[in-house]
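Visitor: Sharing target_32.cif (mmCIF, C-alpha atoms) below.
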data_model
loop_
_atom_site.label_atom_id
_atom_site.label_comp_id
_atom_site.auth_asym_id
_atom_site.auth_seq_id
_atom_site.Cartn_x
_atom_site.Cartn_y
_atom_site.Cartn_z
CA MET A 1 0.00 0.00 0.00
CA HIS A 2 1.21 3.46 -0.83
CA PRO A 3 2.39 5.18 2.36
CA ALA A 4 0.31 8.29 1.67
CA HIS A 5 -2.84 6.18 1.96
CA ARG A 6 -1.98 4.95 5.41
CA ARG A 7 -1.56 8.42 6.80
CA THR A 8 -2.02 7.75 10.43
CA PRO A 9 -4.05 9.44 13.09
CA LYS A 10 -0.73 10.49 14.58
CA SER A 11 0.10 12.87 11.76
CA GLU A 12 -3.42 14.26 11.93
CA ILE A 13 -3.02 14.79 15.63
CA SER A 14 -0.18 17.18 14.87
CA ALA A 15 -2.56 19.27 12.75
CA TYR A 16 -5.20 19.26 15.48
CA THR A 17 -2.63 20.16 18.11
CA VAL A 18 -1.40 23.13 16.10
CA GLY A 19 -5.00 24.27 15.65
CA GLY A 20 -5.71 23.71 19.34
CA ALA A 21 -2.64 25.76 20.24
CA VAL A 22 -4.46 28.86 18.99
CA ILE A 23 -7.20 28.31 21.56
CA ILE A 24 -4.86 27.25 24.36
CA GLU A 25 -2.68 30.29 23.81
CA THR A 26 -5.75 32.50 23.98
CA VAL A 27 -7.04 30.92 27.18
CA PHE A 28 -3.74 31.01 29.05
CA ALA A 29 -2.41 34.21 27.46
CA ILE A 30 0.71 32.48 26.10
CA PRO A 31 2.48 34.79 23.62
CA GLY A 32 2.87 32.11 20.91
CA LEU A 33 2.23 31.94 17.16
CA GLY A 34 -1.48 31.22 17.61
CA ARG A 35 -1.97 34.24 19.82
CA PHE A 36 0.04 36.30 17.33
CA LEU A 37 -2.18 35.02 14.51
CA LEU A 38 -5.34 36.14 16.29
CA ASP A 39 -3.91 39.50 17.27
CA SER A 40 -2.89 40.20 13.69
CA ILE A 41 -6.40 39.31 12.46
CA PHE A 42 -7.91 41.88 14.79
CA ALA A 43 -5.21 44.36 13.78
CA ARG A 44 -5.93 43.58 10.09
CA ASP A 45 -2.26 42.80 9.56
CA TYR A 46 -2.73 40.49 6.59
CA PRO A 47 0.93 39.76 5.71
CA VAL A 48 1.43 38.36 9.22
CA VAL A 49 -1.73 36.24 8.95
CA GLN A 50 -0.52 34.81 5.64
CA ALA A 51 2.96 34.15 6.98
CA ILE A 52 1.77 32.36 10.12
CA THR A 53 -0.78 30.26 8.22
CA LEU A 54 1.91 29.18 5.78
CA LEU A 55 4.45 28.55 8.54
CA LEU A 56 2.05 26.32 10.46
CA ALA A 57 1.19 24.44 7.26
CA VAL A 58 4.89 23.82 6.61
CA LEU A 59 5.23 22.60 10.19
CA VAL A 60 2.39 20.10 9.71
CA ILE A 61 3.79 18.92 6.36
CA PHE A 62 7.18 18.43 8.00
CA VAL A 63 5.66 16.34 10.79
CA ASN A 64 3.76 14.28 8.21
CA LEU A 65 6.98 13.68 6.32
CA LEU A 66 8.70 12.60 9.53
CA THR A 67 5.81 10.24 10.27
CA ASP A 68 6.11 8.63 6.85
CA ILE A 69 9.88 8.23 7.20
CA ILE A 70 9.55 6.72 10.67
CA TYR A 71 6.94 4.37 9.26
CA ALA A 72 9.45 3.01 6.80
CA LEU A 73 12.04 2.62 9.52
CA VAL A 74 9.74 0.86 11.97
CA ASP A 75 7.66 -1.24 9.58
CA PRO A 76 9.83 -3.12 7.06
CA ARG A 77 6.81 -3.85 4.84
CA VAL A 78 6.62 -0.18 3.84
CA ARG A 79 8.93 0.67 0.97
CA TYR A 80 9.40 3.95 -0.89
CA GLU A 81 10.26 3.89 -4.56
CA MET B 1 -18.06 -12.03 1.82
CA SER B 2 -19.79 -15.32 1.04
CA ASN B 3 -22.86 -13.94 2.76
CA ILE B 4 -22.93 -10.96 0.41
CA GLU B 5 -22.53 -13.19 -2.62
CA GLU B 6 -25.34 -15.45 -1.49
CA ARG B 7 -27.65 -12.52 -1.04
CA ALA B 8 -26.56 -11.04 -4.34
CA THR B 9 -27.26 -14.26 -6.24
CA ALA B 10 -30.50 -14.84 -4.39
CA SER B 11 -31.77 -11.41 -5.42
CA THR B 12 -30.62 -11.79 -9.01
CA VAL B 13 -33.91 -12.66 -10.67
CA SER B 14 -33.11 -10.84 -13.88
CA ALA B 15 -30.00 -9.02 -14.94
CA LEU B 16 -31.75 -5.66 -14.63
CA ASP B 17 -32.69 -6.38 -11.04
CA LEU B 18 -29.06 -6.42 -9.91
CA LYS B 19 -28.89 -4.30 -6.82
CA PRO B 20 -25.97 -3.79 -4.48
CA PRO B 21 -26.56 -5.70 -1.25
CA ALA B 22 -25.91 -2.75 1.02
CA ALA B 23 -28.41 -0.68 -0.95
CA ALA B 24 -31.01 -3.32 -0.27
CA ALA B 25 -30.21 -3.09 3.44
CA LEU B 26 -30.55 0.69 3.22
CA SER B 27 -33.91 0.70 1.49
CA ARG B 28 -35.42 -2.15 3.47
CA PRO B 29 -35.03 -1.39 7.20
CA GLN B 30 -34.85 -4.45 9.39
CA TRP B 31 -37.06 -3.33 12.24
CA ASN B 32 -37.08 -6.77 13.77
CA ARG B 33 -33.43 -6.38 14.64
CA PHE B 34 -33.37 -4.75 18.06
CA ASN B 35 -30.81 -1.98 18.09
CA ARG B 36 -30.67 -0.35 21.49
CA THR B 37 -27.92 2.14 20.68
CA LEU B 38 -29.83 3.45 17.67
CA TYR B 39 -33.06 3.96 19.64
CA ILE B 40 -31.27 5.67 22.53
CA GLY B 41 -29.45 7.86 20.01
CA ILE B 42 -32.66 8.85 18.23
CA ALA B 43 -34.35 9.56 21.56
CA LEU B 44 -31.43 11.74 22.72
CA VAL B 45 -31.31 13.71 19.47
CA ILE B 46 -35.08 14.27 19.58
CA LEU B 47 -34.68 15.41 23.18
CA VAL B 48 -31.96 17.89 22.17
CA PHE B 49 -34.14 19.24 19.36
CA LEU B 50 -37.11 19.57 21.71
CA ILE B 51 -34.97 21.45 24.23
CA ALA B 52 -33.67 23.75 21.49
CA TRP B 53 -36.97 24.52 19.78
CA VAL B 54 -39.59 24.20 22.51
CA GLY B 55 -37.43 25.38 25.41
CA PRO B 56 -37.12 29.03 24.32
CA LEU B 57 -40.93 29.23 23.99
CA LEU B 58 -41.30 28.34 27.67
CA SER B 59 -38.77 30.85 28.90
CA PRO B 60 -40.14 34.21 30.07
CA TYR B 61 -36.81 35.95 29.46
CA ASP B 62 -35.13 37.42 26.40
CA PRO B 63 -31.62 36.11 25.58
CA ILE B 64 -30.25 39.52 24.61
CA THR B 65 -32.05 42.15 26.69
CA GLN B 66 -29.86 43.25 29.58
CA ASP B 67 -31.01 43.84 33.15
CA LEU B 68 -28.15 45.50 34.95
CA GLN B 69 -29.86 45.32 38.33
CA LEU B 70 -29.75 41.53 38.26
CA THR B 71 -26.16 40.78 37.27
CA MET B 72 -24.19 37.74 38.43
CA GLN B 73 -27.03 36.04 40.30
CA GLY B 74 -26.55 32.48 41.39
CA PRO B 75 -29.14 29.83 40.58
CA SER B 76 -32.51 30.75 42.05
CA ARG B 77 -36.17 29.99 41.44
CA ALA B 78 -36.54 32.96 39.09
CA HIS B 79 -33.30 32.23 37.21
CA LEU B 80 -32.72 28.49 37.34
CA LEU B 81 -29.08 28.69 36.20
CA GLY B 82 -28.44 32.24 37.40
CA THR B 83 -27.69 35.36 35.36
CA ASP B 84 -24.55 36.58 33.62
CA GLN B 85 -22.59 39.81 33.94
CA PHE B 86 -25.30 41.70 31.99
CA GLY B 87 -28.20 40.25 33.96
CA ARG B 88 -29.29 37.91 31.18
CA ASP B 89 -30.81 34.57 32.18
CA VAL B 90 -28.19 31.86 31.57
CA LEU B 91 -30.74 29.08 30.95
CA THR B 92 -32.56 31.14 28.32
CA ARG B 93 -29.31 31.95 26.59
CA ILE B 94 -28.32 28.28 26.57
CA LEU B 95 -31.66 27.33 25.00
CA TYR B 96 -31.30 29.91 22.24
CA GLY B 97 -27.61 29.05 21.91
CA LEU B 98 -28.43 25.37 21.41
CA ARG B 99 -30.74 26.40 18.57
CA ILE B 100 -28.01 28.44 16.87
CA ASP B 101 -25.34 25.76 17.36
CA LEU B 102 -27.57 22.93 16.12
CA GLN B 103 -28.37 24.96 13.01
CA ILE B 104 -24.68 25.56 12.35
CA GLY B 105 -23.76 21.93 12.99
CA ILE B 106 -26.44 20.44 10.77
CA ILE B 107 -26.37 22.94 7.89
CA ALA B 108 -22.57 22.89 7.71
CA THR B 109 -22.53 19.09 7.79
CA ILE B 110 -25.08 18.76 4.99
CA TYR B 111 -23.32 20.96 2.47
CA THR B 112 -19.77 19.83 3.26
CA MET B 113 -20.92 16.21 2.95
CA ALA B 114 -22.65 16.92 -0.37
CA TYR B 115 -19.64 18.23 -2.23
CA GLY B 116 -17.08 16.25 -0.26
CA VAL B 117 -18.69 12.94 -1.23
CA ALA B 118 -19.19 14.16 -4.82
CA ILE B 119 -15.51 15.12 -5.20
CA GLY B 120 -14.31 11.88 -3.61
CA ALA B 121 -16.66 9.74 -5.71
CA LEU B 122 -15.57 11.43 -8.95
CA ALA B 123 -11.90 11.03 -8.07
CA GLY B 124 -12.32 7.38 -7.12
CA TYR B 125 -14.54 6.46 -10.06
CA TYR B 126 -12.67 8.08 -12.93
CA GLY B 127 -9.15 7.56 -11.55
CA GLY B 128 -6.22 8.68 -13.68
CA TRP B 129 -5.75 12.40 -14.12
CA THR B 130 -9.04 13.34 -12.50
CA ASP B 131 -7.99 11.44 -9.41
CA THR B 132 -4.49 12.91 -9.39
CA ILE B 133 -5.65 16.51 -9.75
CA LEU B 134 -8.46 16.24 -7.18
CA MET B 135 -6.31 14.39 -4.66
CA ARG B 136 -3.35 16.78 -4.92
CA PHE B 137 -5.88 19.59 -4.45
CA LEU B 138 -7.09 17.75 -1.34
CA ASP B 139 -3.51 17.32 -0.11
CA ILE B 140 -3.15 21.10 -0.11
CA PHE B 141 -6.08 21.36 2.29
CA ILE B 142 -4.84 18.50 4.46
CA ALA B 143 -1.52 20.29 4.89
CA PHE B 144 -3.11 23.20 6.73
CA PRO B 145 -4.25 22.73 10.30
CA GLN B 146 -8.04 23.02 9.96
CA LEU B 147 -8.59 25.68 12.57
CA VAL B 148 -5.69 27.79 11.30
CA LEU B 149 -6.99 27.58 7.73
CA ALA B 150 -10.47 28.56 8.89
CA ILE B 151 -9.03 31.49 10.84
CA GLY B 152 -7.11 32.50 7.72
CA VAL B 153 -10.29 32.39 5.62
CA ILE B 154 -12.13 34.51 8.18
CA ALA B 155 -9.22 36.95 8.30
CA MET B 156 -9.55 37.27 4.55
CA LEU B 157 -13.34 37.63 4.38
CA GLY B 158 -14.04 39.33 7.71
CA GLN B 159 -16.06 38.18 10.70
CA GLY B 160 -19.68 37.15 10.45
CA VAL B 161 -22.05 34.20 10.29
CA LEU B 162 -21.92 33.69 6.51
CA ASN B 163 -18.13 33.86 6.49
CA MET B 164 -18.03 31.33 9.31
CA TYR B 165 -20.09 28.94 7.16
CA ILE B 166 -17.69 29.53 4.28
CA ALA B 167 -14.71 28.86 6.55
CA ILE B 168 -16.23 25.56 7.75
CA GLY B 169 -17.07 24.72 4.14
CA VAL B 170 -13.46 25.21 3.09
CA VAL B 171 -12.07 22.75 5.64
CA GLY B 172 -14.99 20.39 6.30
CA TRP B 173 -15.20 18.41 3.04
CA ILE B 174 -11.76 16.79 3.27
CA THR B 175 -12.71 13.73 5.33
CA TYR B 176 -15.82 13.08 3.21
CA ALA B 177 -13.79 13.19 0.01
CA ARG B 178 -11.23 10.72 1.38
CA LEU B 179 -13.93 8.39 2.73
CA ALA B 180 -15.95 8.43 -0.49
CA ARG B 181 -12.89 7.95 -2.70
CA GLY B 182 -11.74 4.91 -0.75
CA GLU B 183 -15.23 3.36 -0.81
CA VAL B 184 -15.70 4.01 -4.54
CA LEU B 185 -12.31 2.51 -5.35
CA VAL B 186 -13.44 -0.74 -3.69
CA ALA B 187 -17.08 -0.64 -4.81
CA LYS B 188 -16.48 0.03 -8.51
CA GLU B 189 -14.61 -3.28 -8.81
CA MET B 190 -17.45 -5.27 -7.17
CA ASP B 191 -19.61 -7.57 -9.28
CA TYR B 192 -22.74 -5.44 -9.17
CA ALA B 193 -20.91 -2.38 -10.47
CA GLN B 194 -19.25 -4.42 -13.20
CA ALA B 195 -22.61 -5.94 -14.07
CA ALA B 196 -24.19 -2.51 -14.33
CA ARG B 197 -21.39 -1.46 -16.66
CA ALA B 198 -21.75 -4.66 -18.67
CA ILE B 199 -25.42 -4.02 -19.41
CA GLY B 200 -24.49 -0.56 -20.65
CA ALA B 201 -25.36 1.76 -17.77
CA ARG B 202 -23.78 5.18 -18.10
CA ASP B 203 -21.18 6.47 -15.64
CA ARG B 204 -23.64 8.86 -14.04
CA ARG B 205 -26.17 6.10 -13.44
CA ILE B 206 -23.55 3.72 -12.05
CA ILE B 207 -22.27 6.37 -9.66
CA TRP B 208 -25.66 7.58 -8.46
CA ARG B 209 -27.77 4.44 -8.46
CA HIS B 210 -25.26 1.73 -7.75
CA LEU B 211 -22.23 3.14 -5.98
CA MET B 212 -23.76 5.98 -3.92
CA PRO B 213 -25.85 3.83 -1.55
CA ASN B 214 -22.68 1.99 -0.53
CA VAL B 215 -20.45 5.02 -0.48
CA LEU B 216 -22.88 7.03 1.61
CA THR B 217 -23.01 4.61 4.55
CA PRO B 218 -19.61 5.52 6.07
CA ALA B 219 -20.17 9.15 5.12
CA ILE B 220 -23.50 9.27 6.96
CA ILE B 221 -21.95 7.63 10.02
CA PHE B 222 -19.12 10.13 9.97
CA ALA B 223 -21.63 12.94 9.44
CA MET B 224 -23.12 12.23 12.88
CA SER B 225 -19.81 12.96 14.58
CA ASP B 226 -19.17 15.74 12.09
CA VAL B 227 -22.26 17.57 13.37
CA VAL B 228 -20.56 17.65 16.76
CA LEU B 229 -17.19 18.58 15.25
CA ASN B 230 -18.78 21.48 13.37
CA ILE B 231 -20.51 22.69 16.52
CA LEU B 232 -17.19 22.54 18.37
CA PHE B 233 -15.57 24.30 15.43
CA ALA B 234 -18.19 27.05 15.50
CA SER B 235 -17.81 27.22 19.29
CA ALA B 236 -14.03 27.54 18.93
CA LEU B 237 -14.44 30.34 16.38
CA GLY B 238 -17.04 32.01 18.59
CA PHE B 239 -14.66 31.63 21.52
CA LEU B 240 -11.87 33.34 19.58
CA GLY B 241 -14.28 36.14 18.66
CA LEU B 242 -14.32 35.21 14.96
CA GLY B 243 -17.66 33.46 14.61
CA ILE B 244 -21.03 34.59 15.85
CA GLN B 245 -20.71 38.00 17.43
CA PRO B 246 -21.29 38.72 21.15
CA PRO B 247 -24.93 39.66 21.74
CA SER B 248 -26.10 36.46 20.02
CA PRO B 249 -26.25 33.58 22.49
CA GLU B 250 -23.78 31.15 20.93
CA LEU B 251 -22.48 28.50 23.32
CA GLY B 252 -18.77 28.93 22.52
CA ALA B 253 -19.03 32.68 22.82
CA MET B 254 -20.88 32.26 26.15
CA ILE B 255 -18.04 30.09 27.47
CA ALA B 256 -15.52 32.69 26.30
CA ASP B 257 -17.52 35.45 28.02
CA GLY B 258 -17.86 33.56 31.29
CA ARG B 259 -14.20 32.55 31.37
CA LYS B 260 -13.25 35.82 33.11
CA PHE B 261 -15.58 34.97 35.99
CA MET B 262 -14.67 31.28 36.13
CA LEU B 263 -13.65 31.29 39.81
CA THR B 264 -16.51 33.36 41.20
CA GLU B 265 -19.35 32.42 38.84
CA PRO B 266 -18.65 28.94 37.48
CA ASN B 267 -22.25 28.54 36.25
CA LEU B 268 -21.54 30.94 33.36
CA THR B 269 -19.10 28.49 31.76
CA THR B 270 -20.18 25.13 33.19
CA PHE B 271 -23.72 24.99 31.85
CA PRO B 272 -23.03 26.10 28.26
CA GLY B 273 -20.19 23.55 28.30
CA LEU B 274 -22.57 20.83 29.51
CA ALA B 275 -25.02 21.78 26.76
CA VAL B 276 -22.31 21.22 24.15
CA VAL B 277 -21.51 17.88 25.81
CA LEU B 278 -25.20 16.88 25.68
CA VAL B 279 -25.37 17.56 21.94
CA GLY B 280 -22.11 15.71 21.45
CA VAL B 281 -23.25 12.63 23.34
CA ALA B 282 -26.61 12.58 21.55
CA PHE B 283 -25.14 12.64 18.05
CA SER B 284 -22.29 10.26 18.93
CA VAL B 285 -24.70 7.64 20.26
CA LEU B 286 -26.89 8.10 17.18
CA GLY B 287 -23.81 7.67 14.98
CA ASP B 288 -22.84 4.47 16.81
CA GLY B 289 -26.34 3.11 16.43
CA LEU B 290 -26.45 4.01 12.73
CA ALA B 291 -23.10 2.31 12.19
CA ASP B 292 -24.52 -0.95 13.57
CA TYR B 293 -27.77 -0.48 11.71
CA LEU B 294 -26.44 0.40 8.26
CA ARG B 295 -23.74 -2.25 8.28
CA PRO B 296 -25.43 -5.52 9.21
CA GLN B 297 -22.40 -7.59 8.21
CA SER B 298 -20.10 -5.80 10.65
CA SER B 299 -21.93 -6.91 13.78
#
Taking this structure as input, can you express it in the form of structure tokens?

Guide:
Amino acid sequence: MHPAHRRTPKSEISAYTVGGAVIIETVFAIPGLGRFLLDSIFARDYPVVQAITLLLAVLVIFVNLLTDIIYALVDPRVRYE
Amino acid sequence: MSNIEERATASTVSALDLKPPAAAALSRPQWNRFNRTLYIGIALVILVFLIAWVGPLLSPYDPITQDLQLTMQGPSRAHLLGTDQFGRDVLTRILYGLRIDLQIGIIATIYTMAYGVAIGALAGYYGGWTDTILMRFLDIFIAFPQLVLAIGVIAMLGQGVLNMYIAIGVVGWITYARLARGEVLVAKEMDYAQAARAIGARDRRIIWRHLMPNVLTPAIIFAMSDVVLNILFASALGFLGLGIQPPSPELGAMIADGRKFMLTEPNLTTFPGLAVVLVGVAFSVLGDGLADYLRPQSS
């Protein structure tokens, strides 16, 4: 089976966690990227919104890539051409 | 598998009568099979709807009108769940909030499911370039964390109810498309689909009449939990101040409002939270029941 089709819950969890970080940072007033994202929306600072959205997407893609690589290391049945 | 084949051959009176087995199960409900989870789920969902649509009629208070002489009251006989910082009755606001959240959850689920399943079915059925283009398009959306993408969309379009629906619509179809594509990939190779093709049915007819009933089963089951997910999504956006705007009694926004008074007035956050939990439990149990009901071979 192609590795992309067995994308695991684990890599999706990373996406959920990043999304959840926005809320957590709001609740506990943590000055993180999520908080920054919200602040820039209210300040109508669009370049910052774009940059953070893209940055977080890259982060999630990177984690997905790592998951796929670890899959191949752990499970010998998975092979990449 | 052998069970399906037996039923398929048993029902094959003429070639034109070929029907997918799961479609037969869908159109002919087996009421003799006792399904406790399904009945409890239906009862709970009906209860939630009754609370949301009949409840506000029974309440003597308005969810928006402020009464600044009655702020921050604890639970009493006049205000069963107390009042908030503007003197509004918390129970009344929860009842109206349930109405708003249920609307969001159900409407958003219906339209995201409609085009999500359609995109997935097309990709799975035609394969080749159609599949590649649609699935790479889907990969783009998977790459973004859902909430962050929705926040980005709202930042682009501005706050408001319609824009919140659009934001949910942008991120909500992904799972349906993946589910439907996977199911169609399997179903289009099954005998009944091949038979339909062999007797000259067109692609559109094969997809709609023969594949859809099978493809829809997992999508409908997921839709039940998706209603809850969409409500939580709308609550999260309301909480961040990006969804439904403050005077409207939306449950997420109510929790966000009451958060400042969490230690002194816990009823402002606890009861809206419990209302969200009630909706979540109701639809989850219904989804579980439907999963047993629509897939007889799995039990």

Visitor: Please write the residues picked by the PyMOL selection byres ((chain A and resi 22) around 8) on this file as a ChimeraX atom specification.

Guide: /A:18-21,23-26,33-35,37-38 /B:148

Visitor: Might you pull out every residue within 12 Å of stretch 41-58 of chain B, with all atoms listed in the file counted and same-chain residues fewer than 5 positions away left off, and present them as JSON, numbers by chain?

Guide: {"B": [35, 36, 63, 89, 90, 91, 92, 93, 94, 95, 96, 97, 98, 99, 100, 101, 102, 103, 106, 224, 227, 228, 249, 275, 276, 277, 278, 279, 280, 281, 282, 283, 284, 285, 286, 287, 288, 289, 290, 291, 292, 293]}

Visitor: Select, from B:Leu242, B:Pro266, B:Ile64, B:Pro145, the residue with the minimum atom-to-atom distance to A:Ile41, counting only C-alpha atoms.

Guide: B:Leu242

Visitor: Quick one: apply the PyMOL selection byres ((chain A) within 10 of (chain B)) to the file and drop the selected residues here as a PDB file with C-alpha atoms, keeping the file's coordinate frame.

Guide:
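Saved to out.pdb:
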ATOM      1  CA  ALA A   4       0.310   8.290   1.670  1.00  0.00           C
ATOM      2  CA  HIS A   5      -2.840   6.180   1.960  1.00  0.00           C
ATOM      3  CA  GLU A  12      -3.420  14.260  11.930  1.00  0.00           C
ATOM      4  CA  ILE A  13      -3.020  14.790  15.630  1.00  0.00           C
ATOM      5  CA  SER A  14      -0.180  17.180  14.870  1.00  0.00           C
ATOM      6  CA  ALA A  15      -2.560  19.270  12.750  1.00  0.00           C
ATOM      7  CA  TYR A  16      -5.200  19.260  15.480  1.00  0.00           C
ATOM      8  CA  THR A  17      -2.630  20.160  18.110  1.00  0.00           C
ATOM      9  CA  VAL A  18      -1.400  23.130  16.100  1.00  0.00           C
ATOM     10  CA  GLY A  19      -5.000  24.270  15.650  1.00  0.00           C
ATOM     11  CA  GLY A  20      -5.710  23.710  19.340  1.00  0.00           C
ATOM     12  CA  ALA A  21      -2.640  25.760  20.240  1.00  0.00           C
ATOM     13  CA  VAL A  22      -4.460  28.860  18.990  1.00  0.00           C
ATOM     14  CA  ILE A  23      -7.200  28.310  21.560  1.00  0.00           C
ATOM     15  CA  THR A  26      -5.750  32.500  23.980  1.00  0.00           C
ATOM     16  CA  VAL A  27      -7.040  30.920  27.180  1.00  0.00           C
ATOM     17  CA  GLY A  34      -1.480  31.220  17.610  1.00  0.00           C
ATOM     18  CA  ARG A  35      -1.970  34.240  19.820  1.00  0.00           C
ATOM     19  CA  LEU A  37      -2.180  35.020  14.510  1.00  0.00           C
ATOM     20  CA  LEU A  38      -5.340  36.140  16.290  1.00  0.00           C
ATOM     21  CA  SER A  40      -2.890  40.200  13.690  1.00  0.00           C
ATOM     22  CA  ILE A  41      -6.400  39.310  12.460  1.00  0.00           C
ATOM     23  CA  PHE A  42      -7.910  41.880  14.790  1.00  0.00           C
ATOM     24  CA  ARG A  44      -5.930  43.580  10.090  1.00  0.00           C
ATOM     25  CA  ASP A  45      -2.260  42.800   9.560  1.00  0.00           C
ATOM     26  CA  TYR A  46      -2.730  40.490   6.590  1.00  0.00           C
ATOM     27  CA  VAL A  49      -1.730  36.240   8.950  1.00  0.00           C
ATOM     28  CA  GLN A  50      -0.520  34.810   5.640  1.00  0.00           C
ATOM     29  CA  ILE A  52       1.770  32.360  10.120  1.00  0.00           C
ATOM     30  CA  THR A  53      -0.780  30.260   8.220  1.00  0.00           C
ATOM     31  CA  LEU A  54       1.910  29.180   5.780  1.00  0.00           C
ATOM     32  CA  LEU A  55       4.450  28.550   8.540  1.00  0.00           C
ATOM     33  CA  LEU A  56       2.050  26.320  10.460  1.00  0.00           C
ATOM     34  CA  ALA A  57       1.190  24.440   7.260  1.00  0.00           C
ATOM     35  CA  VAL A  58       4.890  23.820   6.610  1.00  0.00           C
ATOM     36  CA  LEU A  59       5.230  22.600  10.190  1.00  0.00           C
ATOM     37  CA  VAL A  60       2.390  20.100   9.710  1.00  0.00           C
ATOM     38  CA  ILE A  61       3.790  18.920   6.360  1.00  0.00           C
ATOM     39  CA  PHE A  62       7.180  18.430   8.000  1.00  0.00           C
ATOM     40  CA  ASN A  64       3.760  14.280   8.210  1.00  0.00           C
TER      41      ASN A  64
END

Visitor: Measure the distance from atom CA of B:Asp203 to atom CA of B:Asp131 in Å and round it to one decimal.

Guide: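 Distance between the two atoms: 15.4 Å.
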
Visitor: Quick check, in Å to one decimal: how far apart do atom CA of B:Gly127 and atom CA of B:Arg181 lie?

Guide: 9.6 Å

Visitor: With a distance cut-off of 7 Å and only C-alpha atoms, select the neighbouring residues of B:Ile206, excluding the residue or stretch itself and same-chain residues fewer than 4 positions from it, and output the selection as an NGL selection string.

Guide: :B and (193 or 196 or 201-202 or 210-211)

Visitor: Work out how far atom CA of B:Gly105 is from atom CA of B:Leu229, in Å to one decimal.

Guide: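 Between atom CA of B:Leu229 and atom CA of B:Gly105 the gap is 7.7 Å.
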
Visitor: Rank B:Leu185, B:Ala198, B:Ile255, B:Ala123 by their smallest atom-to-atom distance to B:Val215, using only C-alpha atoms, and report the top residue only.

Guide: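 Of B:Leu185, B:Ala198, B:Ile255, B:Ala123, the one nearest B:Val215 is B:Leu185, counting only C-alpha atoms.
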
Visitor: Translate the PyMOL selection byres ((chain B and resi 84) around 10), as applied to the file shown, into an explicit residue set as a list in words.

Guide: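 That selection, the PyMOL selection byres ((chain B and resi 84) around 10), comes back as Gln66, Asp67, Leu68, Leu70, Thr71, Met72, Gln73, Gly74, Leu81, Gly82, Thr83, Gln85, Phe86, Gly87, Arg88, Asp89, Val90, Arg93, Met254, Asp257, Gly258, Phe261, Glu265, Asn267, Leu268 and Thr269 of chain B.
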
Visitor: Using all atoms listed in the file, which residues sit within 12 Å of B:Ala118 once same-chain residues fewer than 5 positions away are excluded, as a list of chain:residue names?

Guide: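 What passes the distance filter is B:Tyr111, B:Thr112, B:Met113, B:Ala123, B:Gly124, B:Tyr125, B:Leu134, B:Trp173, B:Ile174, B:Tyr176, B:Ala177, B:Arg178, B:Leu179, B:Ala180, B:Arg181, B:Val184, B:Arg204, B:Ile207, B:Trp208, B:Leu211, B:Met212, B:Val215, B:Leu216, B:Ala219.
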
Visitor: Check the smallest atom-to-atom distance from each of B:Leu274, B:Ile166, B:Ala121, B:Leu263 to B:Val186 using all atoms listed in the file, then report the winner.

Guide: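 For B:Val186, the nearest of the given residues is B:Ala121.
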